[in-house]
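J.: Structure supplied as protein.cif; contents: mmCIF, N, CA and C atoms.
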data_upload
#
loop_
_atom_site.label_atom_id
_atom_site.label_comp_id
_atom_site.auth_asym_id
_atom_site.auth_seq_id
_atom_site.Cartn_x
_atom_site.Cartn_y
_atom_site.Cartn_z
N MET A 10 72.84 143.99 58.97
CA MET A 10 71.54 144.59 59.16
C MET A 10 70.53 143.83 58.30
N GLU A 11 69.54 143.23 58.89
CA GLU A 11 68.55 142.43 58.18
C GLU A 11 67.31 143.25 57.86
N LEU A 12 66.86 143.13 56.61
CA LEU A 12 65.64 143.81 56.18
C LEU A 12 64.50 142.80 56.18
N ILE A 13 63.35 143.21 56.70
CA ILE A 13 62.19 142.33 56.77
C ILE A 13 61.31 142.59 55.57
N ARG A 14 60.89 141.55 54.86
CA ARG A 14 60.03 141.66 53.68
C ARG A 14 58.61 141.25 54.03
N LYS A 15 57.65 141.97 53.48
CA LYS A 15 56.24 141.64 53.62
C LYS A 15 55.68 141.40 52.22
N ALA A 16 54.50 140.81 52.13
CA ALA A 16 53.91 140.48 50.84
C ALA A 16 53.61 141.70 49.99
N MET A 17 53.20 142.80 50.59
CA MET A 17 52.79 143.96 49.81
C MET A 17 53.84 145.06 49.86
N GLY A 18 55.01 144.78 49.35
CA GLY A 18 56.06 145.79 49.34
C GLY A 18 55.93 146.75 48.17
N ARG A 19 56.56 147.88 48.32
CA ARG A 19 56.58 148.88 47.26
C ARG A 19 57.62 148.50 46.22
N ILE A 20 57.55 149.19 45.08
CA ILE A 20 58.56 149.04 44.05
C ILE A 20 59.24 150.40 43.91
N LEU A 21 60.56 150.39 43.96
CA LEU A 21 61.36 151.60 43.75
C LEU A 21 61.92 151.57 42.33
N ALA A 22 62.05 152.73 41.73
CA ALA A 22 62.73 152.83 40.43
C ALA A 22 63.86 153.82 40.56
N LEU A 23 64.96 153.51 39.89
CA LEU A 23 66.14 154.37 39.93
C LEU A 23 66.55 154.73 38.51
N ASP A 24 66.72 156.02 38.29
CA ASP A 24 67.31 156.52 37.05
C ASP A 24 68.75 156.83 37.40
N TYR A 25 69.64 155.85 37.17
CA TYR A 25 71.02 155.94 37.61
C TYR A 25 71.84 156.83 36.70
N GLY A 26 72.63 157.70 37.32
CA GLY A 26 73.58 158.53 36.60
C GLY A 26 74.87 158.60 37.40
N LEU A 27 75.96 158.94 36.76
CA LEU A 27 77.25 159.00 37.44
C LEU A 27 77.31 160.11 38.48
N LYS A 28 76.45 161.12 38.37
CA LYS A 28 76.40 162.21 39.35
C LYS A 28 75.21 162.08 40.30
N ARG A 29 74.04 161.80 39.74
CA ARG A 29 72.80 161.76 40.52
C ARG A 29 71.99 160.52 40.17
N VAL A 30 71.12 160.13 41.11
CA VAL A 30 70.19 159.03 40.88
C VAL A 30 68.79 159.54 41.20
N GLY A 31 67.94 159.53 40.18
CA GLY A 31 66.54 159.89 40.39
C GLY A 31 65.80 158.70 40.97
N ILE A 32 64.89 158.97 41.90
CA ILE A 32 64.19 157.89 42.60
C ILE A 32 62.68 158.12 42.53
N ALA A 33 61.96 157.05 42.23
CA ALA A 33 60.50 157.07 42.25
C ALA A 33 60.03 155.82 42.99
N VAL A 34 58.78 155.85 43.45
CA VAL A 34 58.25 154.74 44.23
C VAL A 34 56.77 154.55 43.92
N THR A 35 56.31 153.33 44.10
CA THR A 35 54.87 153.06 43.97
C THR A 35 54.20 153.26 45.31
N ASP A 36 52.89 153.35 45.26
CA ASP A 36 52.09 153.26 46.47
C ASP A 36 52.11 151.79 46.92
N PRO A 37 51.64 151.47 48.13
CA PRO A 37 51.68 150.07 48.59
C PRO A 37 50.90 149.09 47.70
N MET A 38 49.90 149.59 46.98
CA MET A 38 49.11 148.71 46.09
C MET A 38 49.76 148.55 44.72
N LYS A 39 50.86 149.24 44.49
CA LYS A 39 51.63 149.18 43.24
C LYS A 39 50.81 149.63 42.03
N ILE A 40 50.09 150.74 42.21
CA ILE A 40 49.26 151.28 41.13
C ILE A 40 49.86 152.55 40.55
N ILE A 41 50.34 153.44 41.41
CA ILE A 41 50.80 154.76 41.00
C ILE A 41 52.31 154.90 41.23
N ALA A 42 53.00 155.43 40.21
CA ALA A 42 54.43 155.72 40.33
C ALA A 42 54.59 157.21 40.60
N SER A 43 55.32 157.54 41.66
CA SER A 43 55.53 158.94 42.03
C SER A 43 57.01 159.24 42.22
N PRO A 44 57.48 160.36 41.64
CA PRO A 44 58.87 160.75 41.88
C PRO A 44 59.03 161.18 43.33
N ILE A 45 60.16 160.82 43.97
CA ILE A 45 60.34 161.24 45.37
C ILE A 45 61.54 162.13 45.59
N THR A 46 62.68 161.80 44.98
CA THR A 46 63.87 162.62 45.25
C THR A 46 64.97 162.28 44.26
N THR A 47 66.06 163.00 44.40
CA THR A 47 67.30 162.71 43.67
C THR A 47 68.41 162.68 44.72
N VAL A 48 69.30 161.69 44.60
CA VAL A 48 70.38 161.50 45.56
C VAL A 48 71.71 161.50 44.81
N ASP A 49 72.74 162.09 45.40
CA ASP A 49 74.08 162.02 44.82
C ASP A 49 74.47 160.56 44.66
N GLU A 50 75.09 160.22 43.55
CA GLU A 50 75.44 158.83 43.26
C GLU A 50 76.25 158.19 44.39
N GLY A 51 77.14 158.93 44.99
CA GLY A 51 77.98 158.39 46.06
C GLY A 51 77.24 158.04 47.34
N HIS A 52 76.00 158.48 47.46
CA HIS A 52 75.21 158.23 48.67
C HIS A 52 73.99 157.35 48.43
N ILE A 53 73.88 156.79 47.22
CA ILE A 53 72.64 156.06 46.89
C ILE A 53 72.46 154.80 47.73
N VAL A 54 73.50 154.05 47.99
CA VAL A 54 73.34 152.81 48.76
C VAL A 54 72.91 153.14 50.19
N GLU A 55 73.54 154.15 50.79
CA GLU A 55 73.12 154.59 52.14
C GLU A 55 71.66 155.00 52.14
N TYR A 56 71.27 155.77 51.13
CA TYR A 56 69.88 156.22 51.05
C TYR A 56 68.92 155.03 50.96
N LEU A 57 69.26 154.05 50.12
CA LEU A 57 68.40 152.88 49.96
C LEU A 57 68.28 152.08 51.25
N TRP A 58 69.41 151.91 51.97
CA TRP A 58 69.35 151.21 53.27
C TRP A 58 68.38 151.93 54.20
N GLU A 59 68.55 153.23 54.33
CA GLU A 59 67.70 154.01 55.22
C GLU A 59 66.23 153.92 54.79
N TYR A 60 65.99 154.05 53.51
CA TYR A 60 64.62 154.00 52.99
C TYR A 60 63.98 152.64 53.30
N MET A 61 64.75 151.56 53.07
CA MET A 61 64.20 150.21 53.27
C MET A 61 64.07 149.82 54.73
N LEU A 62 64.70 150.55 55.61
CA LEU A 62 64.47 150.30 57.04
C LEU A 62 63.10 150.83 57.45
N ASN A 63 62.60 151.83 56.72
CA ASN A 63 61.32 152.45 57.04
C ASN A 63 60.17 152.02 56.14
N GLU A 64 60.48 151.55 54.96
CA GLU A 64 59.47 151.14 53.99
C GLU A 64 59.80 149.75 53.47
N ASN A 65 58.77 148.96 53.23
CA ASN A 65 58.95 147.63 52.67
C ASN A 65 59.09 147.75 51.15
N VAL A 66 60.24 147.34 50.64
CA VAL A 66 60.51 147.37 49.21
C VAL A 66 60.76 145.95 48.74
N GLU A 67 59.97 145.51 47.76
CA GLU A 67 60.16 144.14 47.26
C GLU A 67 60.94 144.10 45.95
N THR A 68 60.92 145.20 45.20
CA THR A 68 61.61 145.23 43.91
C THR A 68 62.23 146.60 43.69
N ILE A 69 63.42 146.60 43.09
CA ILE A 69 64.06 147.84 42.64
C ILE A 69 64.22 147.70 41.13
N VAL A 70 63.67 148.67 40.41
CA VAL A 70 63.77 148.71 38.95
C VAL A 70 64.80 149.77 38.59
N VAL A 71 65.80 149.38 37.81
CA VAL A 71 66.85 150.30 37.40
C VAL A 71 66.73 150.54 35.90
N GLY A 72 66.68 151.81 35.51
CA GLY A 72 66.62 152.15 34.09
C GLY A 72 67.89 151.71 33.38
N MET A 73 67.71 150.97 32.27
CA MET A 73 68.86 150.48 31.49
C MET A 73 68.93 151.25 30.17
N PRO A 74 70.01 152.02 29.99
CA PRO A 74 70.13 152.79 28.76
C PRO A 74 70.48 151.90 27.57
N LYS A 75 69.72 152.06 26.48
CA LYS A 75 69.98 151.33 25.25
C LYS A 75 69.71 152.24 24.06
N ARG A 76 70.37 151.95 22.97
CA ARG A 76 70.14 152.69 21.72
C ARG A 76 68.84 152.17 21.07
N LEU A 77 68.38 152.87 20.04
CA LEU A 77 67.18 152.44 19.32
C LEU A 77 67.30 151.02 18.78
N ASN A 78 68.52 150.62 18.41
CA ASN A 78 68.72 149.28 17.87
C ASN A 78 68.92 148.23 18.98
N GLY A 79 68.78 148.65 20.25
CA GLY A 79 68.90 147.73 21.38
C GLY A 79 70.32 147.54 21.89
N LYS A 80 71.29 148.15 21.23
CA LYS A 80 72.68 148.00 21.66
C LYS A 80 73.01 148.95 22.81
N ALA A 81 74.13 148.67 23.45
CA ALA A 81 74.57 149.45 24.61
C ALA A 81 74.94 150.88 24.23
N THR A 82 74.77 151.77 25.21
CA THR A 82 75.20 153.16 25.07
C THR A 82 76.48 153.34 25.88
N HIS A 83 77.02 154.55 25.91
CA HIS A 83 78.21 154.83 26.72
C HIS A 83 77.94 154.64 28.21
N ALA A 84 76.67 154.71 28.63
CA ALA A 84 76.32 154.61 30.06
C ALA A 84 75.93 153.20 30.49
N THR A 85 75.73 152.30 29.55
CA THR A 85 75.23 150.96 29.88
C THR A 85 76.15 150.21 30.84
N GLY A 86 77.45 150.27 30.61
CA GLY A 86 78.40 149.55 31.47
C GLY A 86 78.33 149.98 32.92
N ALA A 87 78.20 151.29 33.14
CA ALA A 87 78.11 151.81 34.52
C ALA A 87 76.83 151.32 35.19
N VAL A 88 75.74 151.25 34.44
CA VAL A 88 74.48 150.78 35.01
C VAL A 88 74.57 149.28 35.33
N ILE A 89 75.20 148.51 34.47
CA ILE A 89 75.37 147.08 34.73
C ILE A 89 76.16 146.86 36.02
N LYS A 90 77.24 147.63 36.20
CA LYS A 90 78.03 147.52 37.44
C LYS A 90 77.19 147.92 38.66
N PHE A 91 76.39 148.97 38.52
CA PHE A 91 75.53 149.43 39.62
C PHE A 91 74.50 148.35 39.98
N VAL A 92 73.90 147.72 38.98
CA VAL A 92 72.93 146.66 39.24
C VAL A 92 73.59 145.50 39.98
N ALA A 93 74.80 145.13 39.58
CA ALA A 93 75.53 144.06 40.27
C ALA A 93 75.78 144.43 41.73
N LYS A 94 76.14 145.69 41.97
CA LYS A 94 76.37 146.17 43.34
C LYS A 94 75.08 146.09 44.16
N LEU A 95 73.95 146.48 43.56
CA LEU A 95 72.67 146.40 44.27
C LEU A 95 72.31 144.96 44.62
N LYS A 96 72.53 144.06 43.67
CA LYS A 96 72.20 142.64 43.91
C LYS A 96 73.04 142.07 45.04
N LYS A 97 74.31 142.48 45.11
CA LYS A 97 75.19 142.01 46.18
C LYS A 97 74.81 142.64 47.53
N THR A 98 74.46 143.93 47.51
CA THR A 98 74.15 144.66 48.74
C THR A 98 72.78 144.29 49.30
N PHE A 99 71.81 144.06 48.41
CA PHE A 99 70.43 143.77 48.81
C PHE A 99 69.97 142.44 48.20
N PRO A 100 70.57 141.32 48.63
CA PRO A 100 70.25 140.03 47.99
C PRO A 100 68.79 139.59 48.16
N GLU A 101 68.11 140.12 49.16
CA GLU A 101 66.72 139.71 49.40
C GLU A 101 65.71 140.54 48.61
N VAL A 102 66.19 141.53 47.86
CA VAL A 102 65.32 142.39 47.07
C VAL A 102 65.46 142.00 45.60
N ASN A 103 64.34 141.91 44.91
CA ASN A 103 64.33 141.63 43.48
C ASN A 103 64.84 142.87 42.75
N ILE A 104 65.93 142.73 42.00
CA ILE A 104 66.52 143.84 41.25
C ILE A 104 66.33 143.53 39.76
N VAL A 105 65.65 144.43 39.05
CA VAL A 105 65.38 144.23 37.62
C VAL A 105 65.75 145.50 36.86
N THR A 106 65.86 145.36 35.54
CA THR A 106 66.12 146.54 34.71
C THR A 106 64.94 146.78 33.78
N GLU A 107 64.82 148.02 33.37
CA GLU A 107 63.75 148.44 32.46
C GLU A 107 64.36 149.41 31.45
N ASN A 108 64.00 149.26 30.20
CA ASN A 108 64.49 150.14 29.16
C ASN A 108 64.15 151.59 29.51
N GLU A 109 65.13 152.48 29.41
CA GLU A 109 64.88 153.87 29.76
C GLU A 109 64.95 154.82 28.55
N GLN A 110 64.81 154.27 27.34
CA GLN A 110 64.86 155.12 26.15
C GLN A 110 63.85 156.25 26.24
N PHE A 111 64.29 157.43 25.92
CA PHE A 111 63.46 158.63 25.81
C PHE A 111 62.88 159.14 27.12
N THR A 112 63.26 158.57 28.26
CA THR A 112 62.63 159.00 29.52
C THR A 112 62.95 160.45 29.85
N SER A 113 64.15 160.92 29.55
CA SER A 113 64.47 162.32 29.84
C SER A 113 63.62 163.26 28.99
N LYS A 114 63.45 162.94 27.72
CA LYS A 114 62.60 163.77 26.86
C LYS A 114 61.14 163.71 27.32
N MET A 115 60.70 162.54 27.71
CA MET A 115 59.33 162.40 28.21
C MET A 115 59.15 163.18 29.52
N ALA A 116 60.18 163.18 30.36
CA ALA A 116 60.12 163.91 31.63
C ALA A 116 59.98 165.41 31.38
N VAL A 117 60.76 165.94 30.45
CA VAL A 117 60.67 167.37 30.13
C VAL A 117 59.29 167.69 29.58
N ALA A 118 58.78 166.84 28.70
CA ALA A 118 57.44 167.05 28.14
C ALA A 118 56.38 167.04 29.25
N ALA A 119 56.52 166.13 30.20
CA ALA A 119 55.57 166.05 31.32
C ALA A 119 55.63 167.31 32.18
N MET A 120 56.83 167.83 32.38
CA MET A 120 56.97 169.06 33.18
C MET A 120 56.34 170.24 32.46
N ILE A 121 56.51 170.33 31.15
CA ILE A 121 55.90 171.41 30.38
C ILE A 121 54.38 171.29 30.44
N THR A 122 53.87 170.10 30.21
CA THR A 122 52.42 169.85 30.25
C THR A 122 51.86 170.17 31.63
N GLY A 123 52.63 169.86 32.66
CA GLY A 123 52.19 170.11 34.04
C GLY A 123 52.32 171.57 34.46
N GLY A 124 52.86 172.41 33.58
CA GLY A 124 52.95 173.83 33.89
C GLY A 124 54.15 174.23 34.74
N MET A 125 55.17 173.37 34.81
CA MET A 125 56.35 173.70 35.61
C MET A 125 57.11 174.85 34.95
N LYS A 126 57.54 175.79 35.74
CA LYS A 126 58.29 176.94 35.24
C LYS A 126 59.61 176.50 34.62
N LYS A 127 60.07 177.27 33.64
CA LYS A 127 61.29 176.92 32.91
C LYS A 127 62.48 176.74 33.84
N LYS A 128 62.61 177.59 34.84
CA LYS A 128 63.72 177.49 35.79
C LYS A 128 63.73 176.12 36.48
N GLU A 129 62.56 175.63 36.86
CA GLU A 129 62.44 174.32 37.51
C GLU A 129 62.71 173.18 36.52
N ARG A 130 62.28 173.36 35.27
CA ARG A 130 62.50 172.33 34.24
C ARG A 130 63.98 172.19 33.91
N MET A 131 64.74 173.25 34.13
CA MET A 131 66.17 173.23 33.82
C MET A 131 66.98 172.48 34.88
N ARG A 132 66.41 172.26 36.03
CA ARG A 132 67.11 171.52 37.09
C ARG A 132 67.17 170.04 36.71
N LYS A 133 68.38 169.55 36.53
CA LYS A 133 68.58 168.15 36.13
C LYS A 133 68.00 167.19 37.16
N SER A 134 68.02 167.57 38.43
CA SER A 134 67.48 166.69 39.47
C SER A 134 65.98 166.45 39.27
N ASN A 135 65.25 167.46 38.81
CA ASN A 135 63.82 167.28 38.53
C ASN A 135 63.61 166.30 37.38
N ILE A 136 64.43 166.46 36.35
CA ILE A 136 64.34 165.54 35.20
C ILE A 136 64.64 164.12 35.64
N ASP A 137 65.67 163.94 36.48
CA ASP A 137 66.07 162.60 36.93
C ASP A 137 64.97 161.89 37.72
N LYS A 138 64.34 162.59 38.65
CA LYS A 138 63.32 161.90 39.46
C LYS A 138 62.04 161.66 38.66
N ILE A 139 61.72 162.55 37.74
CA ILE A 139 60.55 162.30 36.89
C ILE A 139 60.85 161.18 35.91
N SER A 140 62.08 161.12 35.41
CA SER A 140 62.49 160.00 34.55
C SER A 140 62.35 158.67 35.30
N ALA A 141 62.72 158.66 36.57
CA ALA A 141 62.57 157.44 37.38
C ALA A 141 61.10 157.04 37.48
N SER A 142 60.20 158.01 37.61
CA SER A 142 58.78 157.66 37.69
C SER A 142 58.26 157.14 36.35
N ILE A 143 58.80 157.64 35.24
CA ILE A 143 58.42 157.13 33.92
C ILE A 143 58.93 155.70 33.75
N ILE A 144 60.16 155.44 34.17
CA ILE A 144 60.71 154.08 34.14
C ILE A 144 59.81 153.15 34.96
N LEU A 145 59.43 153.60 36.14
CA LEU A 145 58.59 152.78 37.02
C LEU A 145 57.21 152.55 36.42
N GLN A 146 56.61 153.58 35.86
CA GLN A 146 55.29 153.42 35.24
C GLN A 146 55.37 152.45 34.06
N SER A 147 56.44 152.53 33.28
CA SER A 147 56.64 151.60 32.17
C SER A 147 56.73 150.16 32.67
N TYR A 148 57.48 149.96 33.75
CA TYR A 148 57.61 148.63 34.35
C TYR A 148 56.25 148.12 34.83
N LEU A 149 55.49 148.98 35.52
CA LEU A 149 54.18 148.57 36.03
C LEU A 149 53.24 148.18 34.88
N GLU A 150 53.25 148.96 33.81
CA GLU A 150 52.41 148.66 32.65
C GLU A 150 52.81 147.33 32.02
N ARG A 151 54.10 147.10 31.89
CA ARG A 151 54.58 145.85 31.31
C ARG A 151 54.19 144.65 32.17
N MET A 152 54.30 144.79 33.48
CA MET A 152 53.93 143.70 34.38
C MET A 152 52.42 143.43 34.31
N LYS A 153 51.63 144.49 34.23
CA LYS A 153 50.18 144.34 34.11
C LYS A 153 49.83 143.60 32.81
N TYR A 154 50.51 143.99 31.73
CA TYR A 154 50.27 143.36 30.43
C TYR A 154 50.70 141.89 30.46
N ASN A 155 51.82 141.60 31.09
CA ASN A 155 52.33 140.22 31.15
C ASN A 155 51.45 139.32 32.03
N ASP A 156 50.70 139.90 32.95
CA ASP A 156 49.81 139.13 33.83
C ASP A 156 48.53 138.69 33.14
N ARG A 157 48.26 139.25 31.98
CA ARG A 157 47.02 138.89 31.25
C ARG A 157 47.07 137.51 30.71
#
Just give me the structure as structure tokens.
T.:
Amino acid sequence: MELIRKAMGRILALDYGLKRVGIAVTDPMKIIASPITTVDEGHIVEYLWEYMLNENVETIVVGMPKRLNGKATHATGAVIKFVAKLKKTFPEVNIVTENEQFTSKMAVAAMITGGMKKKERMRKSNIDKISASIILQSYLERMKYNDR
């Protein structure tokens, strides 16, 4: 199955976990990062294929877990394997990683600030997709800064 790429593709971000993957996406102009969904880890590749058949995606950003000192965490190895799988499955898509330190805490803070009810804040799937949007926004800011 061949995916067609256009110049103005979206950027997807994934907050990878062994159970769930939070997903966020940019608008076509790559200005705003928005959380879209959470998918069971076992179905993420199928979901990405389906998504990319309907939307042009030029880059996938995967959150890379690291400690404050920059060293690997218990989850780093699983993310590295997942990134390798994505690169093999989607060779025409740019696959990059972005530091995901503190994104879960930032996601909870954003939900509180946004007035989300405690019951909704307790749903891990909400934290995962908002974490993905924070990862994506961080990537967009870094790219904007690097373009200067």
J.: What is the CA of Ile40 (chain A)-atom N of Lys28 (chain A) distance in Å, reported with one decimal?
T.: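 Interatomic distance here is 29.0 Å.
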J.: Could you jot down the atom C of Arg76 (chain A) to atom N of Ala141 (chain A) separation for me, Å, one decimal place?
T.: 17.9 Å
J.: How far is it from atom N of Gly86 (chain A) to atom C of Ile32 (chain A), in Å with one decimal?
T.: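 Distance between the two atoms: 20.5 Å.
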J.: Check the smallest atom-to-atom distance from each of A:Pro100, A:Gly26, A:Gly79, A:Pro74 to Asp49 (chain A) using all atoms listed in the file, then report the winner.
T.: A:Gly26
J.: Using only C-alpha atoms, pick whichever of A:Ala87, A:Leu95, A:Val30, A:Ile144 has the shortest atom-to-atom distance to Val48 (chain A).
T.: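 Distance minimum relative to Val48 (chain A) lands on A:Val30.
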J.: Convert the output of the PyMOL selection byres ((chain A and resi 22) around 6) on the shown file into explicit residues, formatted as a PyMOL selection string.
T.: chain A and resi 20-21+23-24+31-34+69-71+141+145
J.: With N, CA and C atoms retained, export the selected residues as a PDB file, keeping the file's coordinate frame.
T.:
ATOM      1  N   ILE A  20      57.550 149.190  45.080  1.00  0.00           N
ATOM      2  CA  ILE A  20      58.560 149.040  44.050  1.00  0.00           C
ATOM      3  C   ILE A  20      59.240 150.400  43.910  1.00  0.00           C
ATOM      4  N   LEU A  21      60.560 150.390  43.960  1.00  0.00           N
ATOM      5  CA  LEU A  21      61.360 151.600  43.750  1.00  0.00           C
ATOM      6  C   LEU A  21      61.920 151.570  42.330  1.00  0.00           C
ATOM      7  N   LEU A  23      64.960 153.510  39.890  1.00  0.00           N
ATOM      8  CA  LEU A  23      66.140 154.370  39.930  1.00  0.00           C
ATOM      9  C   LEU A  23      66.550 154.730  38.510  1.00  0.00           C
ATOM     10  N   ASP A  24      66.720 156.020  38.290  1.00  0.00           N
ATOM     11  CA  ASP A  24      67.310 156.520  37.050  1.00  0.00           C
ATOM     12  C   ASP A  24      68.750 156.830  37.400  1.00  0.00           C
ATOM     13  N   GLY A  31      67.940 159.530  40.180  1.00  0.00           N
ATOM     14  CA  GLY A  31      66.540 159.890  40.390  1.00  0.00           C
ATOM     15  C   GLY A  31      65.800 158.700  40.970  1.00  0.00           C
ATOM     16  N   ILE A  32      64.890 158.970  41.900  1.00  0.00           N
ATOM     17  CA  ILE A  32      64.190 157.890  42.600  1.00  0.00           C
ATOM     18  C   ILE A  32      62.680 158.120  42.530  1.00  0.00           C
ATOM     19  N   ALA A  33      61.960 157.050  42.230  1.00  0.00           N
ATOM     20  CA  ALA A  33      60.500 157.070  42.250  1.00  0.00           C
ATOM     21  C   ALA A  33      60.030 155.820  42.990  1.00  0.00           C
ATOM     22  N   VAL A  34      58.780 155.850  43.450  1.00  0.00           N
ATOM     23  CA  VAL A  34      58.250 154.740  44.230  1.00  0.00           C
ATOM     24  C   VAL A  34      56.770 154.550  43.920  1.00  0.00           C
ATOM     25  N   ILE A  69      63.420 146.600  43.090  1.00  0.00           N
ATOM     26  CA  ILE A  69      64.060 147.840  42.640  1.00  0.00           C
ATOM     27  C   ILE A  69      64.220 147.700  41.130  1.00  0.00           C
ATOM     28  N   VAL A  70      63.670 148.670  40.410  1.00  0.00           N
ATOM     29  CA  VAL A  70      63.770 148.710  38.950  1.00  0.00           C
ATOM     30  C   VAL A  70      64.800 149.770  38.590  1.00  0.00           C
ATOM     31  N   VAL A  71      65.800 149.380  37.810  1.00  0.00           N
ATOM     32  CA  VAL A  71      66.850 150.300  37.400  1.00  0.00           C
ATOM     33  C   VAL A  71      66.730 150.540  35.900  1.00  0.00           C
ATOM     34  N   ALA A 141      62.720 158.660  36.570  1.00  0.00           N
ATOM     35  CA  ALA A 141      62.570 157.440  37.380  1.00  0.00           C
ATOM     36  C   ALA A 141      61.100 157.040  37.480  1.00  0.00           C
ATOM     37  N   LEU A 145      59.430 153.600  36.140  1.00  0.00           N
ATOM     38  CA  LEU A 145      58.590 152.780  37.020  1.00  0.00           C
ATOM     39  C   LEU A 145      57.210 152.550  36.420  1.00  0.00           C
TER      40      LEU A 145
END
J.: Nearest to Thr68 (chain A) among A:Ile136, A:Ile143, A:Leu149, A:Val54, with distances taken over only C-alpha atoms: which residue is it?
T.: A:Leu149
J.: To test your reading of the syntax: which residues would the PyMOL selection byres (((chain A and resi 85 and name CA) around 12) and name CA) return for the file shown? Reply as JSON, numbers by chain.
T.: {"A": [25, 26, 27, 71, 72, 73, 74, 75, 76, 79, 80, 81, 82, 83, 84, 86, 87, 88, 89, 90, 91, 92, 106, 108, 109, 110]}
J.: From the list A:Lys96, A:Ile41, A:Asn63, A:Asp137, which residue is nearest Arg29 (chain A) when using all atoms listed in the file?
T.: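 Checking each candidate against Arg29 (chain A), we get A:Asp137 as the closest.
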